[in-house]
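Peer 1: I'm passing along query_29.tsv; it holds TSV, C-alpha atoms.
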chain	number	residue	atom	x	y	z
A	80	MET	CA	-0.65	26.04	12.59
A	81	PRO	CA	-0.49	22.69	10.72
A	82	ASP	CA	3.02	21.87	12.01
A	83	ALA	CA	1.88	21.93	15.64
A	84	LEU	CA	0.11	18.70	16.45
A	85	ILE	CA	-1.81	19.25	19.66
A	86	THR	CA	-4.35	16.64	20.65
A	87	ASP	CA	-5.54	14.87	23.76
A	88	LEU	CA	-6.67	11.82	21.79
A	89	PRO	CA	-5.26	8.56	23.17
A	90	ALA	CA	-2.79	6.77	20.92
A	91	ILE	CA	-4.40	4.06	18.83
A	92	ASP	CA	-2.59	0.86	17.93
A	93	TRP	CA	-3.74	0.68	14.30
A	94	VAL	CA	-1.60	-2.39	13.65
A	95	ALA	CA	-3.32	-4.37	16.40
A	96	ARG	CA	-6.72	-3.22	15.11
A	97	ALA	CA	-5.77	-4.31	11.60
A	98	ASP	CA	-4.63	-7.70	12.85
A	99	ASP	CA	-7.93	-8.20	14.68
A	100	ILE	CA	-9.90	-7.30	11.56
A	101	GLY	CA	-7.65	-9.48	9.42
A	102	GLN	CA	-8.30	-12.51	11.56
A	103	GLN	CA	-12.05	-11.87	11.33
A	104	ILE	CA	-12.11	-11.65	7.52
A	105	ALA	CA	-9.40	-14.20	6.61
A	106	THR	CA	-11.87	-17.04	6.17
A	107	MET	CA	-13.76	-15.05	3.51
A	108	ALA	CA	-10.70	-14.29	1.36
A	109	ALA	CA	-10.88	-17.54	-0.62
A	110	LYS	CA	-14.62	-17.09	-1.27
A	111	HIS	CA	-14.15	-13.59	-2.71
A	112	ASP	CA	-11.28	-14.87	-4.81
A	113	ALA	CA	-13.39	-17.76	-6.13
A	114	ASP	CA	-16.43	-15.72	-7.14
A	115	ASP	CA	-14.84	-12.36	-8.04
A	116	SER	CA	-16.85	-10.61	-5.33
A	117	PHE	CA	-15.86	-7.46	-3.47
A	118	VAL	CA	-14.41	-7.73	0.05
A	119	GLU	CA	-17.32	-5.87	1.55
A	120	GLU	CA	-16.93	-7.39	5.04
A	121	GLY	CA	-13.37	-6.10	5.22
A	122	PHE	CA	-14.33	-2.58	4.20
A	123	ARG	CA	-17.23	-2.48	6.65
A	124	ALA	CA	-14.99	-3.69	9.48
A	125	LEU	CA	-12.35	-1.10	8.60
A	126	LYS	CA	-14.95	1.66	8.56
A	127	ALA	CA	-16.37	0.59	11.93
A	128	ALA	CA	-12.85	0.72	13.38
A	129	GLY	CA	-12.17	4.24	12.04
A	130	PHE	CA	-9.62	3.32	9.38
A	131	PHE	CA	-11.00	5.45	6.56
A	132	LYS	CA	-10.40	8.64	8.53
A	133	ALA	CA	-7.31	7.39	10.36
A	134	LEU	CA	-4.77	9.37	8.31
A	135	VAL	CA	-6.72	12.63	8.59
A	136	PRO	CA	-4.87	14.88	11.09
A	137	ALA	CA	-6.45	14.88	14.54
A	138	GLU	CA	-6.81	18.67	14.36
A	139	LEU	CA	-9.22	18.18	11.45
A	140	GLY	CA	-11.30	15.52	13.18
A	141	GLY	CA	-9.44	12.42	12.01
A	142	GLY	CA	-7.52	9.67	13.72
A	143	GLY	CA	-4.14	11.37	13.42
A	144	ALA	CA	-2.51	8.04	12.52
A	145	ASP	CA	1.23	7.87	11.96
A	146	TYR	CA	2.14	7.21	8.32
A	147	ARG	CA	4.52	4.33	9.03
A	148	MET	CA	2.05	2.74	11.42
A	149	MET	CA	-0.61	2.82	8.72
A	150	CYS	CA	1.80	1.11	6.30
A	151	ASP	CA	2.36	-1.54	8.98
A	152	ALA	CA	-1.40	-1.88	9.51
A	153	ILE	CA	-2.01	-2.45	5.79
A	154	ARG	CA	0.76	-5.03	5.79
A	155	ARG	CA	-0.99	-6.90	8.62
A	156	LEU	CA	-4.25	-6.83	6.67
A	157	GLY	CA	-2.44	-8.16	3.62
A	158	ALA	CA	-1.18	-11.18	5.53
A	159	HIS	CA	-4.83	-12.16	6.05
A	160	CYS	CA	-6.57	-10.82	2.92
A	161	GLY	CA	-4.57	-9.19	0.15
A	162	SER	CA	-7.61	-7.75	-1.61
A	163	THR	CA	-8.87	-5.92	1.47
A	164	ALA	CA	-5.40	-4.51	2.13
A	165	LEU	CA	-4.81	-3.38	-1.44
A	166	ALA	CA	-8.23	-1.80	-1.94
A	167	PHE	CA	-7.91	0.04	1.38
A	168	SER	CA	-4.41	1.26	0.49
A	169	MET	CA	-5.87	3.06	-2.53
A	170	HIS	CA	-8.15	5.09	-0.28
A	171	SER	CA	-5.32	5.62	2.19
A	172	HIS	CA	-2.96	7.27	-0.25
A	173	LEU	CA	-5.68	9.69	-1.33
A	174	VAL	CA	-5.79	10.86	2.30
A	175	ALA	CA	-2.05	10.63	3.00
A	176	VAL	CA	-1.08	13.03	0.21
A	177	PRO	CA	-3.37	15.95	1.17
A	178	ALA	CA	-2.60	15.32	4.86
A	179	TRP	CA	1.13	15.66	4.13
A	180	ARG	CA	0.55	18.77	2.01
A	181	TRP	CA	-1.64	20.35	4.71
A	182	ARG	CA	1.00	19.79	7.37
A	183	HIS	CA	4.13	20.62	5.37
A	184	GLU	CA	2.96	23.04	2.68
A	185	GLN	CA	-0.13	24.59	4.26
A	186	ALA	CA	-1.96	23.55	1.09
A	187	PRO	CA	-5.70	24.42	0.86
A	188	VAL	CA	-6.90	20.85	1.31
A	189	GLU	CA	-8.54	21.27	4.70
A	190	GLY	CA	-12.04	21.02	3.26
A	191	LEU	CA	-11.50	17.57	1.77
A	192	LEU	CA	-9.80	16.22	4.88
A	193	LYS	CA	-12.54	17.53	7.16
A	194	ARG	CA	-15.17	15.93	4.93
A	195	VAL	CA	-13.39	12.57	4.98
A	196	ALA	CA	-13.34	12.71	8.79
A	197	ALA	CA	-16.84	14.06	9.36
A	198	GLU	CA	-18.63	11.97	6.72
A	199	ASP	CA	-16.34	8.91	6.93
A	200	LEU	CA	-15.93	9.01	3.16
A	201	VAL	CA	-14.40	6.27	1.05
A	202	LEU	CA	-12.20	7.79	-1.67
A	203	ILE	CA	-11.56	5.88	-4.90
A	204	SER	CA	-8.52	6.46	-7.10
A	205	SER	CA	-8.20	6.27	-10.87
A	206	GLY	CA	-4.59	7.45	-10.80
A	207	GLY	CA	-3.01	4.11	-11.65
A	208	SER	CA	-4.74	4.09	-15.03
A	209	ASP	CA	-4.46	7.84	-15.69
A	210	TRP	CA	-0.91	8.40	-14.44
A	211	LEU	CA	0.93	11.35	-15.99
A	212	PRO	CA	-0.94	11.46	-19.33
A	213	SER	CA	-4.48	11.18	-17.85
A	214	ASN	CA	-7.41	10.33	-20.13
A	215	GLY	CA	-10.91	11.49	-20.92
A	216	GLN	CA	-12.30	14.77	-22.14
A	217	ALA	CA	-13.26	17.87	-20.15
A	218	VAL	CA	-15.38	20.33	-22.14
A	219	LYS	CA	-15.84	23.83	-20.75
A	220	VAL	CA	-19.43	24.84	-20.08
A	221	GLU	CA	-21.00	27.59	-18.02
A	222	GLY	CA	-19.91	27.23	-14.39
A	223	GLY	CA	-17.66	24.22	-14.91
A	224	PHE	CA	-16.86	21.30	-17.19
A	225	ARG	CA	-18.59	18.29	-18.69
A	226	ILE	CA	-16.48	15.15	-18.29
A	227	THR	CA	-16.58	12.04	-20.47
A	228	ALA	CA	-14.12	9.26	-19.65
A	229	LYS	CA	-13.67	5.62	-18.71
A	230	LYS	CA	-11.55	5.08	-15.61
A	231	VAL	CA	-10.09	1.62	-15.06
A	232	PHE	CA	-8.63	-0.04	-11.94
A	233	SER	CA	-10.99	1.86	-9.62
A	234	SER	CA	-10.32	-0.33	-6.57
A	235	GLY	CA	-13.09	-0.42	-3.97
A	236	CYS	CA	-15.53	1.46	-6.19
A	237	GLU	CA	-18.47	-0.67	-5.05
A	238	MET	CA	-18.36	1.13	-1.70
A	239	GLY	CA	-16.88	4.41	-2.94
A	240	ASP	CA	-18.25	7.85	-2.14
A	241	LEU	CA	-15.93	10.03	-4.24
A	242	LEU	CA	-13.93	9.18	-7.36
A	243	VAL	CA	-10.69	11.19	-7.27
A	244	THR	CA	-9.74	11.49	-10.91
A	245	SER	CA	-8.73	13.73	-13.82
A	246	ALA	CA	-9.48	14.53	-17.46
A	247	ILE	CA	-7.93	16.58	-20.24
A	248	HIS	CA	-9.25	20.01	-21.22
A	249	ASP	CA	-8.16	21.55	-24.52
A	250	ASP	CA	-7.48	24.99	-23.13
A	251	PRO	CA	-7.61	27.60	-25.93
A	252	GLU	CA	-4.67	29.52	-24.43
A	253	LYS	CA	-2.51	26.90	-22.67
A	254	GLY	CA	-3.26	23.88	-24.82
A	255	PRO	CA	-4.05	20.42	-23.42
A	256	THR	CA	-4.37	20.68	-19.63
A	257	VAL	CA	-5.04	17.92	-17.12
A	258	LEU	CA	-7.74	18.90	-14.61
A	259	HIS	CA	-7.86	17.12	-11.23
A	260	PHE	CA	-11.15	16.84	-9.35
A	261	ALA	CA	-13.39	14.54	-7.32
A	262	VAL	CA	-16.79	13.29	-8.47
A	263	PRO	CA	-19.47	11.80	-6.20
A	264	PHE	CA	-20.49	8.30	-7.25
A	265	LYS	CA	-24.10	9.38	-6.88
A	266	ALA	CA	-23.64	12.17	-9.46
A	267	GLU	CA	-25.63	11.95	-12.67
A	268	GLY	CA	-23.65	10.20	-15.39
A	269	VAL	CA	-21.36	8.14	-13.10
A	270	ARG	CA	-21.69	4.41	-13.70
A	271	ARG	CA	-19.77	1.39	-12.40
A	272	LEU	CA	-19.05	-1.36	-14.93
A	273	ASP	CA	-18.68	-5.05	-14.09
A	274	THR	CA	-15.19	-5.56	-15.56
A	275	TRP	CA	-12.92	-6.83	-12.76
A	276	HIS	CA	-12.47	-10.49	-13.76
A	277	VAL	CA	-8.76	-11.00	-13.44
A	278	MET	CA	-5.85	-13.19	-12.38
A	279	GLY	CA	-5.30	-12.00	-8.82
A	280	MET	CA	-6.47	-9.50	-6.20
A	281	ARG	CA	-9.95	-10.45	-7.37
A	282	GLY	CA	-11.71	-9.13	-4.28
A	283	THR	CA	-10.58	-5.52	-4.71
A	284	GLY	CA	-13.56	-4.67	-6.91
A	285	SER	CA	-11.30	-2.66	-9.23
A	286	HIS	CA	-13.99	-2.22	-11.85
A	287	ASP	CA	-14.07	0.41	-14.59
A	288	VAL	CA	-16.06	3.57	-13.90
A	289	MET	CA	-17.76	5.43	-16.74
A	290	LEU	CA	-18.22	9.19	-16.62
A	291	GLU	CA	-20.78	10.22	-19.20
A	292	ASN	CA	-21.19	13.97	-19.60
A	293	VAL	CA	-20.70	14.44	-15.84
A	294	PHE	CA	-20.82	18.05	-14.64
A	295	VAL	CA	-17.89	19.20	-12.51
A	296	PRO	CA	-18.11	22.79	-11.20
A	297	ASP	CA	-15.16	25.16	-11.54
A	298	ALA	CA	-14.74	25.19	-7.76
A	299	ALA	CA	-14.14	21.41	-7.76
A	300	ILE	CA	-10.98	21.67	-9.90
A	301	VAL	CA	-8.13	21.31	-7.41
A	302	ALA	CA	-5.13	21.21	-9.75
A	303	ARG	CA	-4.13	21.85	-13.37
A	304	ARG	CA	-1.01	20.54	-15.08
A	305	GLU	CA	0.56	19.70	-18.41
A	306	PRO	CA	-0.18	16.11	-19.51
A	307	GLY	CA	2.67	13.62	-19.61
A	308	LYS	CA	5.02	15.74	-17.50
A	309	TRP	CA	6.12	15.36	-13.90
A	310	HIS	CA	4.41	17.90	-11.66
A	311	MET	CA	5.19	18.43	-7.98
A	312	LEU	CA	1.79	16.92	-7.15
A	313	PHE	CA	2.92	13.68	-8.78
A	314	HIS	CA	6.21	13.70	-6.93
A	315	HIS	CA	4.11	13.73	-3.75
A	316	ILE	CA	1.70	11.08	-5.01
A	317	PHE	CA	4.36	8.65	-6.16
A	318	VAL	CA	6.49	8.78	-3.03
A	319	LEU	CA	3.64	8.81	-0.48
A	320	ALA	CA	1.23	6.43	-2.21
A	321	PHE	CA	3.33	3.41	-3.03
A	322	PRO	CA	4.67	2.51	0.41
A	323	LEU	CA	1.01	2.11	1.43
A	324	VAL	CA	0.22	0.12	-1.71
A	325	TYR	CA	3.26	-2.14	-1.50
A	326	ALA	CA	2.66	-2.75	2.18
A	327	ALA	CA	-0.36	-4.77	1.00
A	328	TYR	CA	1.83	-6.92	-1.23
A	329	ILE	CA	4.47	-7.45	1.45
A	330	GLY	CA	1.61	-8.54	3.71
A	331	VAL	CA	0.59	-11.15	1.13
A	332	VAL	CA	4.22	-12.26	1.01
A	333	GLU	CA	4.41	-12.45	4.79
A	334	GLY	CA	1.34	-14.65	4.92
A	335	ALA	CA	2.68	-16.96	2.20
A	336	ARG	CA	6.03	-17.25	3.96
A	337	ALA	CA	4.39	-18.16	7.27
A	338	ARG	CA	2.22	-20.80	5.60
A	339	ALA	CA	5.17	-22.31	3.75
A	340	LEU	CA	7.28	-22.52	6.91
A	341	GLU	CA	4.41	-24.10	8.81
A	342	ILE	CA	4.20	-26.87	6.22
A	343	ALA	CA	7.95	-27.26	5.67
A	344	ARG	CA	8.62	-27.74	9.39
A	345	ARG	CA	6.55	-30.92	9.23
A	346	LYS	CA	8.68	-32.36	6.43
A	347	PRO	CA	11.75	-34.56	6.86
A	348	THR	CA	14.81	-32.34	7.02
A	349	SER	CA	17.25	-32.36	4.11
A	350	HIS	CA	19.95	-30.18	2.58
A	351	ALA	CA	17.59	-29.20	-0.26
A	352	LEU	CA	14.83	-28.22	2.15
A	353	THR	CA	17.07	-25.99	4.25
A	354	VAL	CA	18.57	-24.29	1.17
A	355	MET	CA	15.10	-23.61	-0.25
A	356	ALA	CA	14.05	-22.12	3.09
A	357	GLY	CA	17.18	-19.97	3.11
A	358	ARG	CA	16.49	-18.67	-0.38
A	359	MET	CA	12.95	-17.76	0.61
A	360	GLU	CA	14.24	-15.91	3.68
A	361	ASN	CA	16.73	-13.94	1.59
A	362	ALA	CA	13.99	-12.86	-0.81
A	363	PHE	CA	11.67	-11.98	2.06
A	364	MET	CA	14.26	-9.78	3.73
A	365	ALA	CA	14.91	-8.03	0.43
A	366	ALA	CA	11.17	-7.30	0.18
A	367	GLU	CA	11.04	-6.02	3.76
A	368	MET	CA	14.13	-3.85	3.31
A	369	SER	CA	12.80	-2.35	0.08
A	370	LEU	CA	9.49	-1.47	1.71
A	371	ASP	CA	11.25	0.02	4.71
A	372	ARG	CA	13.38	2.18	2.40
A	373	MET	CA	10.27	3.35	0.53
A	374	ILE	CA	8.70	4.42	3.83
A	375	ARG	CA	11.86	6.19	5.03
A	376	ILE	CA	12.19	8.06	1.75
A	377	ALA	CA	8.58	9.24	2.12
A	378	GLU	CA	9.15	10.22	5.74
A	379	THR	CA	12.48	12.02	5.51
A	380	GLU	CA	13.62	13.08	2.04
A	381	THR	CA	12.97	16.37	0.22
A	382	PRO	CA	10.25	16.23	-2.47
A	383	GLY	CA	11.44	16.39	-6.05
A	384	PRO	CA	12.91	14.33	-8.90
A	385	VAL	CA	15.81	12.84	-6.94
A	386	ARG	CA	13.54	11.56	-4.16
A	387	THR	CA	11.11	10.22	-6.75
A	388	SER	CA	13.91	8.34	-8.50
A	389	ARG	CA	15.11	6.78	-5.24
A	390	ALA	CA	11.56	5.79	-4.32
A	391	ALA	CA	11.09	4.28	-7.79
A	392	ILE	CA	14.19	2.11	-7.35
A	393	ALA	CA	12.89	0.79	-4.03
A	394	HIS	CA	9.49	0.28	-5.67
A	395	THR	CA	10.99	-1.98	-8.36
A	396	LEU	CA	13.11	-3.89	-5.87
A	397	ALA	CA	10.12	-4.44	-3.57
A	398	ALA	CA	7.99	-5.78	-6.43
A	399	LYS	CA	10.66	-8.19	-7.64
A	400	ALA	CA	11.47	-9.45	-4.15
A	401	ALA	CA	7.78	-9.89	-3.32
A	402	VAL	CA	7.16	-12.06	-6.38
A	403	GLU	CA	10.34	-14.05	-5.75
A	404	THR	CA	9.43	-14.71	-2.12
A	405	VAL	CA	6.11	-16.31	-3.02
A	406	GLU	CA	7.78	-18.34	-5.75
A	407	ARG	CA	10.34	-19.57	-3.21
A	408	ALA	CA	7.55	-20.36	-0.73
A	409	MET	CA	5.86	-22.57	-3.33
A	410	GLU	CA	9.15	-24.33	-4.09
A	411	LEU	CA	9.64	-24.97	-0.38
A	412	VAL	CA	6.20	-26.54	-0.03
A	413	GLY	CA	6.42	-28.46	-3.29
A	414	GLY	CA	3.54	-29.84	-5.34
A	415	GLY	CA	1.04	-29.27	-2.57
A	416	SER	CA	1.31	-25.52	-3.20
A	417	PHE	CA	-0.52	-26.09	-6.49
A	418	TYR	CA	-3.75	-26.81	-4.63
A	419	ARG	CA	-5.99	-23.80	-4.14
A	420	ASP	CA	-7.11	-24.68	-0.62
A	421	LEU	CA	-3.55	-24.25	0.67
A	422	GLY	CA	-3.61	-20.51	-0.07
A	423	LEU	CA	-0.20	-20.25	-1.72
A	424	GLU	CA	-1.67	-20.43	-5.20
A	425	ARG	CA	-3.84	-17.39	-4.40
A	426	ALA	CA	-0.85	-15.55	-2.91
A	427	PHE	CA	1.11	-16.26	-6.10
A	428	ARG	CA	-1.66	-14.75	-8.23
A	429	ASP	CA	-2.24	-11.82	-5.90
A	430	VAL	CA	1.42	-10.81	-5.73
A	431	GLN	CA	1.67	-10.58	-9.53
A	432	GLY	CA	-0.17	-7.27	-9.25
A	433	ALA	CA	3.00	-5.77	-7.79
A	434	ARG	CA	4.47	-5.86	-11.30
A	435	PHE	CA	1.93	-3.52	-12.83
A	436	HIS	CA	1.66	-0.36	-10.72
A	437	PRO	CA	3.45	2.68	-12.09
A	438	LEU	CA	6.29	3.00	-12.46
A	439	GLN	CA	6.88	-0.43	-13.94
A	440	GLU	CA	10.48	-1.57	-14.22
A	441	MET	CA	11.34	-0.27	-17.71
A	442	PRO	CA	9.97	3.27	-17.15
A	443	GLN	CA	11.66	3.24	-13.72
A	444	LEU	CA	15.02	2.32	-15.23
A	445	GLU	CA	14.70	5.12	-17.77
A	446	LEU	CA	13.75	7.68	-15.11
A	447	THR	CA	16.50	6.57	-12.75
A	448	GLY	CA	19.05	6.52	-15.56
A	449	ARG	CA	18.15	10.07	-16.51
A	450	MET	CA	18.62	11.20	-12.93
A	451	ALA	CA	21.94	9.38	-12.60
A	452	LEU	CA	23.24	11.01	-15.81
A	453	GLY	CA	22.21	14.50	-14.70
A	454	MET	CA	19.39	14.80	-17.23
A	455	ALA	CA	15.95	16.34	-16.71
A	456	ILE	CA	13.27	13.98	-15.41
A	457	ASP	CA	11.06	14.58	-18.46
A	458	GLY	CA	12.34	13.30	-21.79
Before anything else, please render the file you have as structure tokens.
Peer 2:
Amino acid sequence: MPDALITDLPAIDWVARADDIGQQIATMAAKHDADDSFVEEGFRALKAAGFFKALVPAELGGGGADYRMMCDAIRRLGAHCGSTALAFSMHSHLVAVPAWRWRHEQAPVEGLLKRVAAEDLVLISSGGSDWLPSNGQAVKVEGGFRITAKKVFSSGCEMGDLLVTSAIHDDPEKGPTVLHFAVPFKAEGVRRLDTWHVMGMRGTGSHDVMLENVFVPDAAIVARREPGKWHMLFHHIFVLAFPLVYAAYIGVVEGARARALEIARRKPTSHALTVMAGRMENAFMAAEMSLDRMIRIAETETPGPVRTSRAAIAHTLAAKAAVETVERAMELVGGGSFYRDLGLERAFRDVQGARFHPLQEMPQLELTGRMALGMAIDG
């Protein structure tokens, strides 16, 4: 049974492995940032160390990694290379959600998880751009659907094996219906576009992916839902995905804080310097506490709208505290932080991405307000 974890595999310290890999790839982070190139070395090192199958239950051939430990491992990566950590977190949540559903709901996701473990697949998400409404068109044909869509923010797609995505089918009986499925990158009609030229997290390779009349068989449709409405699948996705994602940002923050303290300790002491350091520490603890709460909510609370609202609050608080911490780190260092070779300027740009993952602050406030007032989650 899924609830009985029986394995003779030795425990793996995924955090230590991540730290080792981070130290190996740290020197390349600035290069990838400078030329908008994908963090291929990081992904190859993670694959060699078993990270892409780490969250697959051991019973299904995976690493059987603990969820919190994987969040901690991504955070360690982020302290060395934010882009590697963030791109890897996108794969990780696509494994964490079915792994949780297999263990707790006995959901029929065993086939995907076994494939990830056996074939060491890299899964690519388009969920951040699709979110509840989804986008694209799914036209019914014999044996399946033909999909036409453009999927943005497809982090890591340059090394991706499967695009985990969705599109809208105009069902003649049920009306517009979002179909969820996975498409191999080698399938006819799948094309990566060179579009990821951005402010920060430049090494994630989060290019657009075009799907042009791509055939998806009926058997590949894993879920159907009403567009724009919260579905239990999305309650799972939101709560389980974002601790992994925000662990990458808190890692960036941790690296910026360490660099700022290293420099500040060489400065003449003053009241202003100590107060600036104190403000940075307050912001950093707020970021850490928010991430920890996100993880605990994912680990312990019952799925549904209330848990989602609580996770969304922690999500907003983590993003705000992460951005503030890097700002405080730059203030502590002073004008030198403006130079790119110091690394704080890159951390400042990278951490801005924390503002833009769903739910952003205004939608979060509306959702949380509805929950607090006893209203339904959907307006």
Peer 1: So which residues touch region 172-174 of chain A within 7 Å, counting all atoms listed in the file, skipping near sequence neighbours fewer than 4 positions away, as JSON, numbers by chain?
Peer 2: {"A": [134, 135, 168, 178, 202, 319, 320, 323]}
Peer 1: Taking into account only C-alpha atoms, which residue in the set A:Gly161, A:Asp151, A:Ala366, A:Pro136 is nearest to Lys193 (chain A)?
Peer 2: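 With only C-alpha atoms as the atom set, the closest residue is A:Pro136.
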Peer 1: Pick the closest to Arg154 (chain A) from A:Ile226, A:Val324, A:Ala433, A:Ala390: which is it, counting all atoms listed in the file?
Peer 2: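 Ranking A:Ile226, A:Val324, A:Ala433, A:Ala390 by distance to Arg154 (chain A), first place goes to A:Val324.
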Peer 1: Nearest residue to His259 (chain A) out of A:Ser233, A:Asn292, A:Asn361, A:Ser205, using all atoms listed in the file?
Peer 2: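 Among the listed residues, the smallest separation from His259 (chain A) belongs to A:Ser205.
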Peer 1: From the options A:Asp240, A:Asp98, A:Glu138, A:Asp420, which residue's atoms come nearest to Ser204 (chain A), counting all atoms listed in the file?
Peer 2: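 Of A:Asp240, A:Asp98, A:Glu138, A:Asp420, the one nearest Ser204 (chain A), counting all atoms listed in the file, is A:Asp240.
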Peer 1: With distances taken over all atoms listed in the file, which of A:Ile300, A:Gly141, A:Ala175, A:Pro306 is nearest to Ser213 (chain A)?
Peer 2: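 For Ser213 (chain A), the nearest of the given residues is A:Pro306.
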Peer 1: With distances taken over all atoms listed in the file, which of A:Ala164, A:Ala109, A:Val354, A:Leu156 is nearest to Ala97 (chain A)?
Peer 2: A:Leu156
Peer 1: If you measure from CA of Arg225 (chain A) to CA of Pro251 (chain A), what distance in Å do you get, rounded to one decimal?
Peer 2: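 Separation of CA of Arg225 (chain A) and CA of Pro251 (chain A): 16.1 Å.
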Peer 1: Between CA of Phe117 (chain A) and CA of Thr283 (chain A), what is the distance in Å, rounded to a tenth?
Peer 2: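 Interatomic distance, CA of Phe117 (chain A) to CA of Thr283 (chain A): 5.8 Å.
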Peer 1: Give me, as number ranges by chain, all polymer residues having an atom no more than 8 Å from Val412 (chain A), counting only C-alpha atoms and skipping those fewer than 2 positions away in the same chain.
Peer 2: A: 339, 342-343, 408-410, 414-416
Peer 1: What is the CA of Val331 (chain A)-CA of Phe313 (chain A) distance in Å, reported with one decimal?
Peer 2: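 CA of Val331 (chain A) sits 26.8 Å away from CA of Phe313 (chain A).
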Peer 1: Could you add whatever atoms are missing so that region 146-160 of chain A carries N, CA and C atoms, then write the result as an mmCIF file, in the coordinates of the input?
Peer 2:
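Full text of result05.cif as output:
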data_model
loop_
_atom_site.group_PDB
_atom_site.id
_atom_site.type_symbol
_atom_site.label_atom_id
_atom_site.label_comp_id
_atom_site.auth_asym_id
_atom_site.auth_seq_id
_atom_site.Cartn_x
_atom_site.Cartn_y
_atom_site.Cartn_z
ATOM 1 N N TYR A 146 2.035 7.754 9.679
ATOM 2 C CA TYR A 146 2.140 7.210 8.320
ATOM 3 C C TYR A 146 2.750 5.811 8.318
ATOM 4 N N ARG A 147 3.872 5.643 8.996
ATOM 5 C CA ARG A 147 4.520 4.330 9.030
ATOM 6 C C ARG A 147 3.614 3.294 9.696
ATOM 7 N N MET A 148 2.935 3.686 10.763
ATOM 8 C CA MET A 148 2.050 2.740 11.420
ATOM 9 C C MET A 148 0.934 2.289 10.479
ATOM 10 N N MET A 149 0.440 3.216 9.647
ATOM 11 C CA MET A 149 -0.610 2.820 8.720
ATOM 12 C C MET A 149 -0.059 1.875 7.653
ATOM 13 N N CYS A 150 1.176 2.079 7.210
ATOM 14 C CA CYS A 150 1.800 1.110 6.300
ATOM 15 C C CYS A 150 1.865 -0.263 6.974
ATOM 16 N N ASP A 151 2.265 -0.285 8.242
ATOM 17 C CA ASP A 151 2.360 -1.540 8.980
ATOM 18 C C ASP A 151 0.977 -2.188 9.145
ATOM 19 N N ALA A 152 -0.045 -1.356 9.355
ATOM 20 C CA ALA A 152 -1.400 -1.880 9.510
ATOM 21 C C ALA A 152 -1.889 -2.528 8.211
ATOM 22 N N ILE A 153 -1.611 -1.880 7.089
ATOM 23 C CA ILE A 153 -2.010 -2.450 5.790
ATOM 24 C C ILE A 153 -1.262 -3.753 5.546
ATOM 25 N N ARG A 154 -0.007 -3.781 5.933
ATOM 26 C CA ARG A 154 0.760 -5.030 5.790
ATOM 27 C C ARG A 154 0.121 -6.158 6.600
ATOM 28 N N ARG A 155 -0.331 -5.870 7.807
ATOM 29 C CA ARG A 155 -0.990 -6.900 8.620
ATOM 30 C C ARG A 155 -2.277 -7.366 7.950
ATOM 31 N N LEU A 156 -3.045 -6.446 7.405
ATOM 32 C CA LEU A 156 -4.250 -6.830 6.670
ATOM 33 C C LEU A 156 -3.907 -7.752 5.511
ATOM 34 N N GLY A 157 -2.834 -7.391 4.786
ATOM 35 C CA GLY A 157 -2.440 -8.160 3.620
ATOM 36 C C GLY A 157 -2.059 -9.588 3.945
ATOM 37 N N ALA A 158 -1.539 -9.821 5.128
ATOM 38 C CA ALA A 158 -1.180 -11.180 5.530
ATOM 39 C C ALA A 158 -2.425 -12.053 5.664
ATOM 40 N N HIS A 159 -3.571 -11.435 5.903
ATOM 41 C CA HIS A 159 -4.830 -12.160 6.050
ATOM 42 C C HIS A 159 -5.674 -12.143 4.777
ATOM 43 N N CYS A 160 -5.752 -10.971 4.129
ATOM 44 C CA CYS A 160 -6.570 -10.820 2.920
ATOM 45 C C CYS A 160 -5.952 -9.729 2.056
#
